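Below: input-v6.cif (mmCIF, C-alpha atoms and all ligand atoms)
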data_work
#
loop_
_atom_site.group_PDB
_atom_site.id
_atom_site.type_symbol
_atom_site.label_atom_id
_atom_site.label_comp_id
_atom_site.auth_asym_id
_atom_site.auth_seq_id
_atom_site.Cartn_x
_atom_site.Cartn_y
_atom_site.Cartn_z
ATOM 1 C CA MET A 1 -37.268 -31.703 9.730
ATOM 2 C CA ASN A 2 -39.117 -33.593 12.413
ATOM 3 C CA PRO A 3 -36.941 -35.029 15.201
ATOM 4 C CA VAL A 4 -35.876 -38.635 14.729
ATOM 5 C CA THR A 5 -34.822 -41.121 17.383
ATOM 6 C CA GLU A 6 -31.820 -43.431 17.293
ATOM 7 C CA ASN A 7 -34.077 -46.387 16.424
ATOM 8 C CA GLU A 8 -35.744 -44.452 13.615
ATOM 9 C CA ILE A 9 -32.327 -43.482 12.265
ATOM 10 C CA ARG A 10 -31.023 -47.065 12.352
ATOM 11 C CA SER A 11 -34.083 -48.460 10.578
ATOM 12 C CA SER A 12 -34.112 -45.695 7.929
ATOM 13 C CA PHE A 13 -30.997 -46.744 6.000
ATOM 14 C CA VAL A 14 -31.591 -47.841 2.421
ATOM 15 C CA ASN A 15 -28.101 -48.392 0.991
ATOM 16 C CA CYS A 16 -26.096 -50.265 3.601
ATOM 17 C CA SER A 17 -26.344 -53.632 5.320
ATOM 18 C CA ARG A 18 -28.559 -54.068 8.373
ATOM 19 C CA GLY A 19 -25.395 -54.880 10.314
ATOM 20 C CA GLU A 20 -23.815 -51.549 9.419
ATOM 21 C CA ALA A 21 -27.057 -49.696 10.208
ATOM 22 C CA ARG A 22 -27.149 -51.406 13.615
ATOM 23 C CA ARG A 23 -23.533 -50.597 14.454
ATOM 24 C CA LEU A 24 -22.989 -47.163 12.948
ATOM 25 C CA ALA A 25 -22.276 -44.226 15.228
ATOM 26 C CA VAL A 26 -25.425 -42.147 15.709
ATOM 27 C CA PRO A 27 -24.906 -38.525 16.826
ATOM 28 C CA ARG A 28 -25.129 -37.920 20.558
ATOM 29 C CA GLY A 29 -27.642 -35.561 22.083
ATOM 30 C CA LEU A 30 -30.317 -36.139 19.430
ATOM 31 C CA PRO A 31 -33.109 -34.525 21.499
ATOM 32 C CA GLU A 32 -31.076 -31.303 21.788
ATOM 33 C CA LEU A 33 -30.404 -30.867 18.071
ATOM 34 C CA PRO A 34 -31.929 -27.765 16.406
ATOM 35 C CA TRP A 35 -34.435 -29.860 14.412
ATOM 36 C CA PRO A 36 -36.567 -26.978 13.051
ATOM 37 C CA ASP A 37 -33.381 -25.589 11.475
ATOM 38 C CA LEU A 38 -32.298 -28.896 9.903
ATOM 39 C CA ASP A 39 -33.213 -29.790 6.335
ATOM 40 C CA PHE A 40 -31.467 -33.087 6.917
ATOM 41 C CA LEU A 41 -29.329 -34.706 9.586
ATOM 42 C CA GLY A 42 -25.803 -35.322 8.368
ATOM 43 C CA TRP A 43 -22.779 -36.479 10.326
ATOM 44 C CA ARG A 44 -19.321 -37.980 10.078
ATOM 45 C CA ASP A 45 -18.415 -41.053 12.118
ATOM 46 C CA PRO A 46 -15.887 -39.728 14.678
ATOM 47 C CA GLY A 47 -14.319 -43.201 14.912
ATOM 48 C CA ALA A 48 -14.075 -43.712 11.136
ATOM 49 C CA PRO A 49 -13.650 -40.349 9.400
ATOM 50 C CA GLU A 50 -14.178 -41.799 5.903
ATOM 51 C CA ARG A 51 -17.717 -42.779 6.872
ATOM 52 C CA ALA A 52 -20.580 -40.302 6.822
ATOM 53 C CA TYR A 53 -24.336 -40.582 7.085
ATOM 54 C CA LEU A 54 -27.315 -38.537 6.096
ATOM 55 C CA VAL A 55 -30.959 -38.840 7.132
ATOM 56 C CA ALA A 56 -33.632 -36.791 5.362
ATOM 57 C CA GLU A 57 -37.410 -36.810 5.203
ATOM 58 C CA ARG A 58 -38.968 -38.173 2.037
ATOM 59 C CA GLY A 59 -42.736 -38.398 1.858
ATOM 60 C CA GLY A 60 -42.985 -37.884 5.608
ATOM 61 C CA ALA A 61 -40.640 -40.750 6.531
ATOM 62 C CA PRO A 62 -36.929 -40.639 7.338
ATOM 63 C CA VAL A 63 -34.588 -42.026 4.673
ATOM 64 C CA GLY A 64 -30.991 -42.676 5.656
ATOM 65 C CA VAL A 65 -28.066 -43.064 3.287
ATOM 66 C CA ALA A 66 -24.542 -44.216 4.066
ATOM 67 C CA LEU A 67 -21.801 -42.153 2.416
ATOM 68 C CA ARG A 68 -18.074 -42.607 1.971
ATOM 69 C CA LEU A 69 -15.584 -39.816 1.707
ATOM 70 C CA GLY A 70 -14.133 -39.972 -1.773
ATOM 71 C CA GLN A 71 -10.415 -40.241 -2.412
ATOM 72 C CA GLU A 72 -10.492 -37.157 -4.530
ATOM 73 C CA VAL A 73 -10.784 -34.094 -2.338
ATOM 74 C CA ARG A 74 -10.338 -30.749 -3.986
ATOM 75 C CA ARG A 75 -7.601 -28.830 -2.268
ATOM 76 C CA SER A 76 -7.384 -25.380 -3.668
ATOM 77 C CA PHE A 77 -5.905 -22.589 -1.670
ATOM 78 C CA THR A 78 -6.722 -19.917 -4.182
ATOM 79 C CA LYS A 79 -10.257 -20.764 -5.231
ATOM 80 C CA SER A 80 -13.328 -21.517 -3.213
ATOM 81 C CA THR A 81 -15.402 -24.615 -3.927
ATOM 82 C CA LEU A 82 -19.189 -24.762 -3.771
ATOM 83 C CA CYS A 83 -21.205 -27.374 -1.930
ATOM 84 C CA SER A 84 -23.495 -28.906 -4.569
ATOM 85 C CA VAL A 85 -26.384 -29.144 -2.101
ATOM 86 C CA CYS A 86 -26.471 -25.825 -0.218
ATOM 87 C CA VAL A 87 -24.230 -23.863 -2.651
ATOM 88 C CA THR A 88 -22.106 -22.531 0.213
ATOM 89 C CA PRO A 89 -18.582 -21.588 -0.897
ATOM 90 C CA HIS A 90 -15.732 -23.114 1.088
ATOM 91 C CA ALA A 91 -11.980 -22.773 1.014
ATOM 92 C CA GLY A 92 -9.497 -25.647 1.063
ATOM 93 C CA THR A 93 -10.988 -28.894 2.321
ATOM 94 C CA GLY A 94 -14.289 -27.385 3.480
ATOM 95 C CA VAL A 95 -15.986 -29.244 0.633
ATOM 96 C CA ALA A 96 -15.504 -32.994 0.216
ATOM 97 C CA LEU A 97 -16.606 -35.569 -2.336
ATOM 98 C CA PHE A 98 -19.072 -37.985 -0.761
ATOM 99 C CA THR A 99 -20.045 -41.145 -2.603
ATOM 100 C CA ALA A 100 -23.057 -43.316 -1.864
ATOM 101 C CA PRO A 101 -23.775 -46.858 -3.016
ATOM 102 C CA ARG A 102 -27.037 -46.933 -4.977
ATOM 103 C CA VAL A 103 -29.874 -49.110 -3.691
ATOM 104 C CA GLY A 104 -30.881 -52.545 -4.929
ATOM 105 C CA ALA A 105 -29.405 -54.229 -7.968
ATOM 106 C CA ALA A 106 -27.404 -51.168 -8.994
ATOM 107 C CA GLY A 107 -25.741 -51.005 -5.584
ATOM 108 C CA ARG A 108 -24.977 -54.732 -5.601
ATOM 109 C CA GLN A 109 -23.162 -54.174 -8.892
ATOM 110 C CA GLY A 110 -21.023 -51.558 -7.172
ATOM 111 C CA ASN A 111 -22.767 -48.498 -8.645
ATOM 112 C CA THR A 112 -22.234 -45.352 -6.616
ATOM 113 C CA VAL A 113 -23.191 -41.718 -6.999
ATOM 114 C CA GLY A 114 -21.188 -38.819 -5.668
ATOM 115 C CA ALA A 115 -21.706 -35.228 -4.652
ATOM 116 C CA TYR A 116 -19.439 -32.468 -3.450
ATOM 117 C CA MET A 117 -20.867 -31.338 -0.139
ATOM 118 C CA CYS A 118 -19.905 -29.334 2.933
ATOM 119 C CA ALA A 119 -17.330 -31.620 4.569
ATOM 120 C CA ASP A 120 -19.126 -31.372 7.926
ATOM 121 C CA LEU A 121 -22.565 -31.896 6.309
ATOM 122 C CA ALA A 122 -23.828 -28.811 8.150
ATOM 123 C CA CYS A 123 -25.521 -27.358 5.028
ATOM 124 C CA SER A 124 -28.682 -26.512 6.979
ATOM 125 C CA LEU A 125 -26.755 -24.297 9.401
ATOM 126 C CA TYR A 126 -24.747 -22.532 6.683
ATOM 127 C CA VAL A 127 -27.826 -21.563 4.674
ATOM 128 C CA ARG A 128 -29.439 -20.122 7.803
ATOM 129 C CA GLY A 129 -26.341 -18.195 8.829
ATOM 130 C CA ARG A 130 -26.064 -20.273 12.024
ATOM 131 C CA LYS A 131 -22.570 -21.425 11.091
ATOM 132 C CA GLU A 132 -19.801 -19.559 9.298
ATOM 133 C CA THR A 133 -17.335 -21.095 6.877
ATOM 134 C CA GLU A 134 -13.597 -20.514 6.811
ATOM 135 C CA LEU A 135 -14.388 -17.727 4.347
ATOM 136 C CA GLY A 136 -16.524 -15.869 6.866
ATOM 137 C CA VAL A 137 -19.906 -14.306 6.237
ATOM 138 C CA ARG A 138 -21.261 -14.869 2.748
ATOM 139 C CA PHE A 139 -23.150 -12.359 0.711
ATOM 140 C CA GLU A 140 -25.913 -13.569 -1.523
ATOM 141 C CA SER A 141 -29.081 -11.907 -2.711
ATOM 142 C CA LEU A 142 -31.261 -14.941 -1.953
ATOM 143 C CA SER A 143 -33.306 -14.960 1.248
ATOM 144 C CA VAL A 144 -32.868 -17.723 3.814
ATOM 145 C CA ALA A 145 -36.171 -19.283 2.699
ATOM 146 C CA GLU A 146 -34.959 -19.331 -0.910
ATOM 147 C CA ARG A 147 -31.637 -20.889 0.096
ATOM 148 C CA VAL A 148 -33.445 -23.535 2.165
ATOM 149 C CA ALA A 149 -35.721 -24.329 -0.785
ATOM 150 C CA ARG A 150 -32.722 -24.638 -3.101
ATOM 151 C CA THR A 151 -30.948 -26.926 -0.617
ATOM 152 C CA THR A 152 -33.988 -29.193 -0.406
ATOM 153 C CA VAL A 153 -34.259 -29.435 -4.200
ATOM 154 C CA ASN A 154 -30.552 -30.246 -4.582
ATOM 155 C CA LEU A 155 -30.596 -32.820 -1.787
ATOM 156 C CA ASP A 156 -33.687 -34.479 -3.277
ATOM 157 C CA ALA A 157 -31.907 -34.744 -6.624
ATOM 158 C CA PHE A 158 -28.927 -36.463 -4.943
ATOM 159 C CA LEU A 159 -31.256 -38.829 -3.055
ATOM 160 C CA ASP A 160 -33.174 -39.583 -6.270
ATOM 161 C CA LYS A 161 -29.934 -40.804 -7.834
ATOM 162 C CA ILE A 162 -29.095 -42.991 -4.820
ATOM 163 C CA LEU A 163 -32.623 -44.431 -4.720
ATOM 164 C CA ASP A 164 -32.585 -45.269 -8.430
ATOM 165 C CA ASP A 165 -31.920 -49.025 -8.492
ATOM 166 C CA THR A 166 -32.056 -49.385 -12.283
ATOM 167 C CA LEU A 167 -28.896 -50.786 -13.777
ATOM 168 C CA ALA A 168 -27.031 -48.317 -15.897
HETATM 169 ZN ZN ZN A 201 -23.486 -27.703 1.979
#
How does the structure come out when it is put into structure tokens?
Ligand SMILES: [Zn+2]
Amino acid sequence: MNPVTENEIRSSFVNCSRGEARRLAVPRGLPELPWPDLDFLGWRDPGAPERAYLVAERGGAPVGVALRLGQEVRRSFTKSTLCSVCVTPHAGTGVALFTAPRVGAAGRQGNTVGAYMCADLACSLYVRGRKETELGVRFESLSVAERVARTTVNLDAFLDKILDDTLA
């Protein structure tokens, strides 16, 4: 993705209050991030671990969504769990349920959507082999480009659900 500045991040949020967008913890060292290798920017708030944020490009503009860590976290010591966005398998708590308030009227009614994702939101680095999971190196027949394309499609589908303000 193209680099984004702190101001661009703060003004990109679609599903939280302006006050939260103004106060939320933006990652440090933004200019040094490996932007060409990021399909989206995702981070956890170090001061409030149940809060997480994600900024992605949609139609050439950054769109930010506020996420909450769900209560229900799969803890399996025998099976691995897949991230629903980048399809990386993790052990234990490496995958977490993130929920996002939907935009507009749906969000005001308390509607949320959830997705199981890499708990550190580092999907972009896992699919490129720049970061290893607790399970070590993964073996998959897809190329990096194919995994990146799949990640983008899955993330777009999650964002589509958040951006859908129609009442269920
Ligand atoms: Zn992931």
Return the single residue from A:Asp156, A:Asp120, A:Glu20, A:Asp164 that is closest to ligand ZN 201 (chain A), with distances computed using all atoms listed in the file.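 The shortest atom-to-atom distance to ligand ZN 201 (chain A) comes from A:Asp120.
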Using atom CA of Pro46 of chain A and atom CA of Ala25 of chain A as the two end points, give the distance in Å to one decimal.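 Going from atom CA of Pro46 of chain A over to atom CA of Ala25 of chain A, I get 7.8 Å.
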By how many Å are atom CA of Leu24 of chain A and atom CA of Phe40 of chain A apart?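 A separation of 17.5 Å between them.
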Show me which residues sit within 9 Å of ligand ZN 201 (chain A) when counting all atoms listed in the file, and put them as number ranges by chain. A: 82-89, 95, 116-127, 151
Residue with smallest distance to Val144 of chain A - pool A:Arg44, A:Asp37, A:Ala106, A:Asp165, counting all atoms listed in the file: A:Asp37
Taking the point (-13.3, -34.4, 3.7) as given in the file, collect each protein or nucleic acid residue that comes within 8 Å of it, counting only C-alpha atoms, and present the set as a ChimeraX atom specification. /A:50,69-70,73,93-97,119-120
Need to verify the contact set: segment 53-64 of chain A, 6 Å, all atoms listed in the file, exclusion of same-chain residues closer than 6 positions in sequence. Can you return it as number ranges by chain? A: 12-13, 40-43
On this structure, which residues satisfy the PyMOL selection byres (((chain A and resi 31) around 12) and not hetatm), written as an mmCIF file with C-alpha atoms, in the coordinates of the input?
data_model
loop_
_atom_site.group_PDB
_atom_site.id
_atom_site.type_symbol
_atom_site.label_atom_id
_atom_site.label_comp_id
_atom_site.auth_asym_id
_atom_site.auth_seq_id
_atom_site.Cartn_x
_atom_site.Cartn_y
_atom_site.Cartn_z
ATOM 1 C CA ASN A 2 -39.117 -33.593 12.413
ATOM 2 C CA PRO A 3 -36.941 -35.029 15.201
ATOM 3 C CA VAL A 4 -35.876 -38.635 14.729
ATOM 4 C CA THR A 5 -34.822 -41.121 17.383
ATOM 5 C CA GLU A 6 -31.820 -43.431 17.293
ATOM 6 C CA PRO A 27 -24.906 -38.525 16.826
ATOM 7 C CA ARG A 28 -25.129 -37.920 20.558
ATOM 8 C CA GLY A 29 -27.642 -35.561 22.083
ATOM 9 C CA LEU A 30 -30.317 -36.139 19.430
ATOM 10 C CA GLU A 32 -31.076 -31.303 21.788
ATOM 11 C CA LEU A 33 -30.404 -30.867 18.071
ATOM 12 C CA PRO A 34 -31.929 -27.765 16.406
ATOM 13 C CA TRP A 35 -34.435 -29.860 14.412
ATOM 14 C CA PRO A 36 -36.567 -26.978 13.051
#
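When the PyMOL selection byres (((chain A and resi 161) around 10) and not hetatm) is evaluated on the file shown here, the picked residues come out as Ala100, Pro101, Arg102, Val103, Thr112, Val113, Gly114, Asp156, Ala157, Phe158, Leu159, Asp160, Ile162, Leu163, Asp164, Asp165 and Thr166 of chain A.
We find atom CA of Ser17 of chain A and atom CA of Asp39 of chain A to be spaced 24.8 Å apart.
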Between A:Gly47, A:Leu38, A:Ala91, A:Lys79, which has the minimum distance to Arg130 of chain A (counting all atoms listed in the file)?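 Closest candidate: A:Leu38.
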Closest to Ala115 of chain A among A:Ile9, A:Val148, A:Leu142, A:Leu155, using all atoms listed in the file?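 The answer is A:Leu155, which sits nearest to Ala115 of chain A.
Distances to Ser80 of chain A were evaluated for A:Val153, A:Glu134, A:Gly19, A:Ala52 using only C-alpha atoms, and the minimum falls at A:Glu134.
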Centre, x/y/z edge lengths, axis-aligned box for segment 79-82 of chain A with 8 Å per side, as JSON:
{"center_x": -14.7, "center_y": -22.8, "center_z": -4.2, "size_x": 24.9, "size_y": 20.0, "size_z": 18.0}
Could you tell me which of A:Glu146, A:Cys16, A:Gly136, A:Pro49 comes closest to Val65 of chain A if we count only C-alpha atoms? A:Cys16
Excluding Asn7 of chain A and residues on its chain fewer than 6 positions from it, collect all residues at most 10 Å away from it, counting all atoms listed in the file, and give them as a list of chain:residue names. A:Ala21, A:Arg22, A:Val26
Save N, CA, C and O atoms of segment 85-121 of chain A from the block above as a tab-separated table (two decimals), in the first residue's frame.
chain	number	residue	atom	x	y	z
A	85	VAL	N	-8.21	-14.00	6.87
A	85	VAL	CA	-7.80	-13.04	5.84
A	85	VAL	C	-6.61	-13.57	5.04
A	85	VAL	O	-6.66	-13.67	3.83
A	86	CYS	N	-5.53	-13.95	5.72
A	86	CYS	CA	-4.33	-14.37	4.99
A	86	CYS	C	-4.17	-15.89	4.96
A	86	CYS	O	-3.25	-16.39	4.33
A	87	VAL	N	-5.07	-16.62	5.65
A	87	VAL	CA	-5.09	-18.08	5.65
A	87	VAL	C	-3.78	-18.67	6.19
A	87	VAL	O	-3.36	-19.75	5.79
A	88	THR	N	-3.13	-17.94	7.08
A	88	THR	CA	-1.94	-18.46	7.75
A	88	THR	C	-2.38	-19.29	8.96
A	88	THR	O	-3.21	-18.83	9.74
A	89	PRO	N	-1.85	-20.51	9.09
A	89	PRO	CA	-2.20	-21.31	10.28
A	89	PRO	C	-1.40	-20.87	11.50
A	89	PRO	O	-0.20	-20.58	11.39
A	90	HIS	N	-2.08	-20.78	12.63
A	90	HIS	CA	-1.42	-20.43	13.88
A	90	HIS	C	-1.77	-21.48	14.94
A	90	HIS	O	-2.82	-22.11	14.88
A	91	ALA	N	-0.90	-21.57	15.93
A	91	ALA	CA	-1.20	-22.40	17.09
A	91	ALA	C	-1.71	-21.51	18.22
A	91	ALA	O	-1.49	-20.29	18.21
A	92	GLY	N	-2.39	-22.13	19.18
A	92	GLY	CA	-2.79	-21.43	20.40
A	92	GLY	C	-3.52	-20.14	20.14
A	92	GLY	O	-4.53	-20.11	19.45
A	93	THR	N	-3.01	-19.04	20.70
A	93	THR	CA	-3.71	-17.76	20.60
A	93	THR	C	-3.16	-16.90	19.46
A	93	THR	O	-3.36	-15.68	19.46
A	94	GLY	N	-2.51	-17.49	18.50
A	94	GLY	CA	-1.97	-16.74	17.37
A	94	GLY	C	-3.04	-16.16	16.47
A	94	GLY	O	-2.77	-15.26	15.68
A	95	VAL	N	-4.26	-16.72	16.57
A	95	VAL	CA	-5.40	-16.17	15.85
A	95	VAL	C	-6.41	-15.68	16.88
A	95	VAL	O	-6.64	-16.34	17.88
A	96	ALA	N	-6.97	-14.49	16.64
A	96	ALA	CA	-7.93	-13.92	17.58
A	96	ALA	C	-9.18	-13.47	16.83
A	96	ALA	O	-9.11	-13.16	15.63
A	97	LEU	N	-10.30	-13.45	17.54
A	97	LEU	CA	-11.54	-12.94	16.93
A	97	LEU	C	-11.59	-11.43	17.11
A	97	LEU	O	-11.58	-10.93	18.24
A	98	PHE	N	-11.61	-10.72	15.99
A	98	PHE	CA	-11.74	-9.27	16.03
A	98	PHE	C	-13.15	-8.91	15.59
A	98	PHE	O	-13.65	-9.45	14.60
A	99	THR	N	-13.79	-8.01	16.32
A	99	THR	CA	-15.11	-7.55	15.89
A	99	THR	C	-15.03	-6.06	15.57
A	99	THR	O	-14.25	-5.33	16.18
A	100	ALA	N	-15.84	-5.65	14.61
A	100	ALA	CA	-15.86	-4.25	14.20
A	100	ALA	C	-17.30	-3.76	14.17
A	100	ALA	O	-18.17	-4.44	13.62
A	101	PRO	N	-17.57	-2.59	14.76
A	101	PRO	CA	-18.90	-2.00	14.60
A	101	PRO	C	-19.11	-1.67	13.13
A	101	PRO	O	-18.18	-1.22	12.45
A	102	ARG	N	-20.32	-1.93	12.60
A	102	ARG	CA	-20.60	-1.53	11.23
A	102	ARG	C	-20.83	-0.03	11.18
A	102	ARG	O	-21.01	0.62	12.21
A	103	VAL	N	-20.77	0.53	9.97
A	103	VAL	CA	-20.91	1.99	9.83
A	103	VAL	C	-22.39	2.38	9.89
A	103	VAL	O	-23.28	1.54	9.75
A	104	GLY	N	-22.63	3.65	10.07
A	104	GLY	CA	-23.96	4.24	9.91
A	104	GLY	C	-25.00	3.67	10.85
A	104	GLY	O	-24.73	3.34	12.01
A	105	ALA	N	-26.22	3.56	10.31
A	105	ALA	CA	-27.37	3.16	11.11
A	105	ALA	C	-27.16	1.78	11.75
A	105	ALA	O	-27.51	1.56	12.91
A	106	ALA	N	-26.57	0.87	10.98
A	106	ALA	CA	-26.35	-0.48	11.50
A	106	ALA	C	-25.44	-0.44	12.73
A	106	ALA	O	-25.71	-1.09	13.74
A	107	GLY	N	-24.39	0.36	12.65
A	107	GLY	CA	-23.46	0.48	13.77
A	107	GLY	C	-24.12	1.12	14.98
A	107	GLY	O	-23.88	0.70	16.12
A	108	ARG	N	-24.97	2.13	14.73
A	108	ARG	CA	-25.64	2.80	15.84
A	108	ARG	C	-26.60	1.86	16.56
A	108	ARG	O	-26.90	2.04	17.73
A	109	GLN	N	-27.07	0.83	15.83
A	109	GLN	CA	-27.93	-0.18	16.44
A	109	GLN	C	-27.11	-1.27	17.14
A	109	GLN	O	-27.68	-2.22	17.65
A	110	GLY	N	-25.80	-1.12	17.11
A	110	GLY	CA	-24.95	-2.09	17.80
A	110	GLY	C	-24.54	-3.27	16.94
A	110	GLY	O	-24.01	-4.25	17.44
A	111	ASN	N	-24.79	-3.19	15.62
A	111	ASN	CA	-24.39	-4.29	14.73
A	111	ASN	C	-22.86	-4.34	14.58
A	111	ASN	O	-22.22	-3.33	14.32
A	112	THR	N	-22.32	-5.52	14.73
A	112	THR	CA	-20.88	-5.70	14.52
A	112	THR	C	-20.66	-6.87	13.57
A	112	THR	O	-21.54	-7.71	13.38
A	113	VAL	N	-19.49	-6.90	12.98
A	113	VAL	CA	-19.08	-8.08	12.21
A	113	VAL	C	-17.74	-8.52	12.76
A	113	VAL	O	-16.96	-7.72	13.26
A	114	GLY	N	-17.48	-9.82	12.66
A	114	GLY	CA	-16.25	-10.34	13.24
A	114	GLY	C	-15.47	-11.17	12.24
A	114	GLY	O	-16.02	-11.67	11.25
A	115	ALA	N	-14.19	-11.29	12.50
A	115	ALA	CA	-13.33	-12.14	11.68
A	115	ALA	C	-12.19	-12.68	12.54
A	115	ALA	O	-11.66	-11.96	13.39
A	116	TYR	N	-11.87	-13.93	12.32
A	116	TYR	CA	-10.68	-14.49	12.96
A	116	TYR	C	-9.48	-14.07	12.14
A	116	TYR	O	-9.42	-14.33	10.95
A	117	MET	N	-8.55	-13.39	12.80
A	117	MET	CA	-7.38	-12.89	12.08
A	117	MET	C	-6.12	-13.13	12.91
A	117	MET	O	-6.20	-13.34	14.12
A	118	CYS	N	-4.97	-13.06	12.24
A	118	CYS	CA	-3.69	-13.12	12.95
A	118	CYS	C	-3.76	-12.12	14.11
A	118	CYS	O	-4.09	-10.95	13.90
A	119	ALA	N	-3.45	-12.59	15.32
A	119	ALA	CA	-3.65	-11.76	16.51
A	119	ALA	C	-2.80	-10.50	16.47
A	119	ALA	O	-3.15	-9.49	17.09
A	120	ASP	N	-1.68	-10.53	15.73
A	120	ASP	CA	-0.83	-9.34	15.64
A	120	ASP	C	-1.11	-8.54	14.37
A	120	ASP	O	-0.43	-7.55	14.10
A	121	LEU	N	-2.12	-8.96	13.59
A	121	LEU	CA	-2.53	-8.28	12.36
A	121	LEU	C	-1.38	-8.12	11.37
A	121	LEU	O	-1.36	-7.18	10.57
